[in-house]
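Asker: This is coords-v5.txt, which holds compact mmCIF, C-alpha atoms and all ligand atoms:
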# COMPACT_ATOMS: atom_id res chain seq x y z
CA MET A 1 -2.83 10.77 0.15
CA ASP A 2 -1.35 8.68 2.95
CA ALA A 3 1.40 11.15 3.87
CA HIS A 4 -0.38 12.55 6.91
CA TRP A 5 -1.93 9.39 8.30
CA ARG A 6 -0.68 8.76 11.85
CA TRP A 7 1.95 6.11 11.18
CA GLN A 8 3.44 4.23 14.12
CA PHE A 9 5.81 1.31 14.32
CA ALA A 10 4.13 -1.02 16.77
CA ALA A 11 0.74 -2.43 15.83
CA PRO A 12 -1.30 -0.18 18.12
CA VAL A 13 -3.39 -1.33 21.04
CA GLN A 14 -6.62 -1.08 19.03
CA LEU A 15 -5.28 -3.61 16.54
CA ALA A 16 -4.56 -5.95 19.41
CA SER A 17 -8.06 -5.54 20.83
CA THR A 18 -10.29 -5.09 17.77
CA ALA A 19 -8.33 -7.56 15.70
CA ASP A 20 -6.45 -9.71 18.18
CA SER A 21 -3.08 -11.14 17.36
CA ASN A 22 -4.58 -14.35 15.92
CA SER A 23 -7.12 -12.58 13.76
CA SER A 24 -7.15 -12.64 10.03
CA LEU A 25 -6.71 -8.85 9.74
CA SER A 26 -3.65 -8.87 11.96
CA HIS A 27 -2.09 -11.67 9.89
CA TRP A 28 -2.75 -9.88 6.62
CA LEU A 29 -1.31 -6.62 7.99
CA GLN A 30 1.85 -8.24 9.31
CA ASP A 31 2.55 -10.61 6.41
CA THR A 32 5.99 -9.75 5.00
CA GLY A 33 5.47 -11.60 1.69
CA SER A 34 4.02 -10.14 -1.51
CA LEU A 35 0.47 -8.90 -1.07
CA THR A 36 -0.05 -9.33 -4.82
CA ALA A 37 0.92 -13.01 -4.57
CA ARG A 38 -1.32 -13.53 -1.54
CA LEU A 39 -4.27 -11.90 -3.28
CA ARG A 40 -3.68 -13.97 -6.42
CA GLN A 41 -3.95 -17.10 -4.25
CA HIS A 42 -7.00 -15.84 -2.41
CA CYS A 43 -9.11 -14.58 -5.35
CA LYS A 44 -10.45 -16.22 -8.45
CA GLN A 45 -9.61 -13.06 -10.36
CA PHE A 46 -7.01 -10.47 -9.35
CA ARG A 47 -6.30 -7.19 -11.07
CA VAL A 48 -4.47 -3.92 -10.58
CA GLN A 49 -6.36 -0.74 -11.46
CA LEU A 50 -4.06 2.21 -12.04
CA LEU A 51 -5.51 5.37 -10.46
CA ASN A 52 -2.78 7.92 -10.87
CA THR A 53 0.91 8.56 -11.40
CA ARG A 54 2.67 11.80 -10.52
CA ALA A 55 6.27 12.77 -11.19
CA ASN A 56 8.44 14.97 -9.01
CA VAL A 57 6.09 15.22 -6.02
CA SER A 58 7.56 16.80 -2.93
CA LEU A 59 7.94 14.34 -0.09
CA THR A 60 7.06 14.85 3.56
CA PRO A 61 10.02 14.76 5.99
CA SER A 62 9.26 11.15 6.97
CA GLN A 63 8.95 10.04 3.33
CA ALA A 64 12.18 11.89 2.47
CA ASN A 65 13.83 10.20 5.40
CA TRP A 66 12.80 6.76 4.11
CA LEU A 67 13.86 7.44 0.51
CA GLY A 68 16.88 9.73 1.03
CA GLU A 69 15.61 12.43 -1.38
CA THR A 70 13.17 15.33 -1.20
CA HIS A 71 11.19 14.58 -4.40
CA GLY A 72 9.88 11.42 -5.98
CA TYR A 73 7.48 9.60 -8.27
CA CYS A 74 4.12 8.46 -6.90
CA ARG A 75 1.91 5.64 -8.19
CA GLU A 76 -1.57 5.01 -6.79
CA VAL A 77 -3.51 1.84 -7.55
CA LEU A 78 -6.41 -0.27 -6.38
CA LEU A 79 -5.87 -4.01 -5.98
CA LEU A 80 -9.12 -5.77 -6.87
CA CYS A 81 -10.07 -9.23 -5.70
CA ASP A 82 -12.93 -10.64 -7.80
CA GLU A 83 -13.72 -7.04 -8.84
CA GLN A 84 -13.97 -5.86 -5.21
CA PRO A 85 -11.51 -3.09 -4.26
CA TRP A 86 -9.53 -4.64 -1.41
CA ILE A 87 -6.45 -2.45 -1.23
CA TYR A 88 -5.63 1.17 -2.02
CA ALA A 89 -1.86 1.23 -2.52
CA SER A 90 0.40 4.20 -2.96
CA SER A 91 4.06 3.71 -3.87
CA LEU A 92 6.79 6.33 -3.82
CA TYR A 93 10.21 6.08 -5.40
CA SER A 94 12.98 8.65 -5.58
CA ASN A 95 13.90 10.16 -8.94
CA THR A 96 17.25 8.35 -8.66
CA ALA A 97 15.43 5.01 -8.22
CA LEU A 98 13.31 5.73 -11.27
CA GLN A 99 16.41 6.45 -13.36
CA ALA A 100 18.11 3.28 -12.10
CA VAL A 101 15.04 1.05 -12.72
CA PRO A 102 13.02 2.68 -15.54
CA ALA A 103 10.49 -0.20 -15.43
CA LEU A 104 9.18 1.36 -12.19
CA GLY A 105 7.77 4.23 -14.26
CA GLY A 106 6.01 2.08 -16.85
CA LEU A 107 4.16 -0.53 -14.82
CA GLY A 108 0.65 0.47 -15.93
CA GLN A 109 -1.75 -2.28 -14.80
CA LYS A 110 1.15 -4.65 -13.98
CA ALA A 111 1.71 -5.25 -10.28
CA LEU A 112 4.71 -3.62 -8.67
CA GLY A 113 4.96 -6.64 -6.35
CA GLU A 114 5.71 -8.90 -9.29
CA LEU A 115 8.65 -6.72 -10.32
CA LEU A 116 10.12 -6.41 -6.82
CA PHE A 117 9.48 -9.87 -5.37
CA ASP A 118 11.21 -11.52 -8.34
CA HIS A 119 14.46 -9.89 -7.25
CA PRO A 120 16.71 -12.23 -5.23
CA GLN A 121 18.08 -9.39 -3.08
CA LEU A 122 14.77 -7.81 -2.07
CA MET A 123 14.70 -6.49 1.51
CA ARG A 124 11.71 -5.15 3.44
CA SER A 125 11.90 -2.65 6.31
CA GLN A 126 9.85 -2.98 9.48
CA PHE A 127 6.16 -2.11 9.00
CA GLU A 128 4.53 1.04 10.28
CA PHE A 129 0.75 0.93 10.84
CA ALA A 130 -2.01 3.55 10.80
CA GLN A 131 -5.69 3.46 11.63
CA LEU A 132 -7.69 5.95 9.57
CA THR A 133 -10.12 8.37 11.12
CA ALA A 134 -13.59 8.60 9.55
CA LEU A 135 -12.50 11.92 8.01
CA GLU A 136 -9.39 10.41 6.44
CA SER A 137 -11.48 7.57 4.93
CA GLN A 138 -13.92 10.14 3.58
CA GLN A 139 -11.13 12.27 2.07
CA LEU A 140 -9.71 9.22 0.34
CA THR A 141 -13.14 8.39 -1.05
CA GLN A 142 -13.61 11.89 -2.43
CA GLN A 143 -10.14 12.60 -3.73
CA VAL A 144 -8.85 9.31 -5.01
CA HIS A 145 -11.63 7.45 -6.69
CA PRO A 146 -15.24 8.23 -5.93
CA SER A 147 -16.93 5.19 -7.44
CA PRO A 148 -15.39 1.98 -6.10
CA LEU A 149 -14.45 3.51 -2.75
CA ASN A 150 -17.80 5.13 -2.27
CA MET A 151 -18.84 3.03 0.68
CA HIS A 152 -19.06 3.93 4.32
CA PRO A 153 -16.83 1.76 6.44
CA ASN A 154 -18.64 0.61 9.55
CA ARG A 155 -15.31 0.24 11.32
CA PRO A 156 -11.97 2.04 11.22
CA LEU A 157 -9.73 1.07 8.35
CA TRP A 158 -6.12 -0.10 8.76
CA ALA A 159 -3.09 0.69 6.64
CA ARG A 160 0.54 -0.38 6.72
CA ARG A 161 3.68 0.93 5.06
CA SER A 162 7.24 -0.24 4.60
CA VAL A 163 10.18 0.19 2.27
CA LEU A 164 10.86 -2.55 -0.27
CA ALA A 165 14.46 -2.24 -1.41
CA ILE A 166 16.48 -3.84 -4.17
CA PRO A 167 20.10 -2.75 -4.65
CA GLN A 168 19.22 -0.08 -7.29
CA ALA A 169 15.97 1.28 -5.82
CA SER A 170 13.92 1.72 -2.66
CA VAL A 171 10.13 1.97 -2.83
CA LEU A 172 7.96 3.19 0.04
CA VAL A 173 4.74 1.17 -0.28
CA SER A 174 1.61 2.13 1.70
CA GLU A 175 -1.35 -0.24 1.58
CA LEU A 176 -4.80 0.53 2.98
CA PHE A 177 -7.20 -2.37 3.52
CA LEU A 178 -10.57 -1.19 2.18
CA PRO A 179 -13.97 -2.17 3.66
CA ALA A 180 -14.55 -4.93 1.07
CA ALA A 181 -11.39 -6.80 2.16
CA SER A 182 -12.51 -10.07 3.73
CA PRO A 183 -10.07 -9.92 6.70
CA TYR A 184 -12.39 -7.29 8.26
CA GLN A 185 -15.26 -9.79 8.13
CA GLU A 186 -13.38 -12.87 9.39
C1 LIG A 201 4.38 -4.34 -3.08
C2 LIG A 201 3.52 -5.15 -3.63
O1 LIG A 201 2.84 -4.75 -4.71
C3 LIG A 201 1.52 -4.37 -4.63
C4 LIG A 201 1.22 -3.75 -5.93
C5 LIG A 201 1.29 -2.41 -6.11
C6 LIG A 201 1.23 -1.75 -7.46
O2 LIG A 201 1.10 -2.44 -8.47
O3 LIG A 201 1.37 -0.50 -7.52
C7 LIG A 201 1.43 -1.58 -5.01
C8 LIG A 201 1.51 -2.07 -3.76
C9 LIG A 201 1.37 -3.47 -3.43
O4 LIG A 201 0.23 -3.69 -2.72
C10 LIG A 201 3.24 -6.50 -3.11
O5 LIG A 201 2.79 -7.35 -3.88
O6 LIG A 201 3.49 -6.74 -1.91
For the file at hand, write its structure as structure tokens.
Ligand SMILES: C=C(O[C@@H]1C=C(C(=O)O)C=C[C@H]1O)C(=O)O
Answerer:
Amino acid sequence: MDAHWRWQFAAPVQLASTADSNSSLSHWLQDTGSLTARLRQHCKQFRVQLLNTRANVSLTPSQANWLGETHGYCREVLLLCDEQPWIYASSLYSNTALQAVPALGGLGQKALGELLFDHPQLMRSQFEFAQLTALESQQLTQQVHPSPLNMHPNRPLWARRSVLAIPQASVLVSELFLPAASPYQE
């Protein structure tokens, strides 16, 4: 779903102006720690809702470049904070990574962050950022999960992506902050 969003390395100018460098949104987007852990601290109740898993999906050139293979396994989830959908997350791993760490294929409602951030040798790449157009937000609403995402954002939505790597596996994690996420309101 996120493959064709316009990813760029630097936090674009709009982020600096609409959500200046001290703003809550900017801090959330640039936080290198576990988003799962941060949400657990922030919410009374946190849960992962599994939307979809797909094996052997063909990767775009930039995804293939990140993961070093042309096909991979995709997992899409919502991260809910007190039953509000805060984050749409899509994670991609190569088939080799899945063979090396079979737990990646059987997470179900368990958070990926809790598997990866427990590893002492976890590394994160630099973030890329994307601001969704109204059309991209609409497509996500229609194709991914009509009910909880069926809300019209009154401002552009922000996403980030980076590779989380442990020695046996690299995972390209894209995270879109949905309209209900409180950093947009702060
Ligand atoms: C990568 C993390 O895990 C989160 C949990 C995910 C999942 O369970 O599929 C996906 C992306 C992340 O938002 C994290 O906690 O930072």
Asker: Neighbouring residues of ligand LIG 201 (chain A) are defined here as those with any atom at most 9 Å from a ligand atom, counting only C-alpha atoms and all ligand atoms; list them as a VMD selection string.
Answerer: chain A and resid 32 to 39 48 to 50 75 to 79 87 to 91 107 to 117 164 171 to 176
Asker: Excluding same-chain residues fewer than 4 positions from His4 (chain A), what lies within 10 Å of it counting all atoms listed in the file, as a list in words?
Answerer: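 The residues that qualify are Thr60, Ser62, Ala130 and Glu136 of chain A.
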Asker: Hey, can you check how far CA of Phe127 (chain A) sits from CA of Leu29 (chain A)?
Answerer: 8.8 Å
Asker: Work out how far CA of Leu140 (chain A) is from CA of Asn52 (chain A), in Å to one decimal.
Answerer: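 Those two atoms sit 13.2 Å apart.
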Asker: Nearest to Gln139 (chain A) among A:Asp2, A:Arg47, A:Pro61, A:Gln30, with distances taken over all atoms listed in the file: which residue is it?
Answerer: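 When distances to Gln139 (chain A) are compared using all atoms listed in the file, the smallest one comes from A:Asp2.
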Asker: Please list as an NGL selection string every residue within 9 Å of Asn95 (chain A), counting only C-alpha atoms and excluding residues in the same chain fewer than 6 positions away.
Answerer: :A and (55-56 or 69 or 71-73)
Asker: Quick check, in Å to one decimal: how far apart do CA of Pro167 (chain A) and CA of Ala100 (chain A) lie?
Answerer: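 That distance, rounded to one decimal, is 9.8 Å.
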Asker: Between A:Pro156, A:Arg40, A:Thr70, A:Gln168, which is the closest to Ala103 (chain A) once you count only C-alpha atoms?
Answerer: A:Gln168
Asker: For Lys44 (chain A), which residue among A:Ser23, A:Gln138, A:Gln8, A:Gln84 is the nearest when counting only C-alpha atoms?
Answerer: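 Residue with the minimum atom-to-atom distance to Lys44 (chain A): A:Gln84.
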Asker: A:Tyr184, A:Arg54, A:Trp158, A:Asp82: which is nearest Leu132 (chain A), counting all atoms listed in the file?
Answerer: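 Distance minimum relative to Leu132 (chain A) lands on A:Trp158.
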Asker: Which residue, A:Gln126, A:Val163, A:Phe177, A:Ala10, has the smallest gap to Leu92 (chain A) when you use only C-alpha atoms?
Answerer: A:Val163
Asker: Ranking A:Ala169, A:Leu157, A:Met123, A:Leu80 by minimum distance to Gln99 (chain A) and counting all atoms listed in the file, which one comes first?
Answerer: A:Ala169
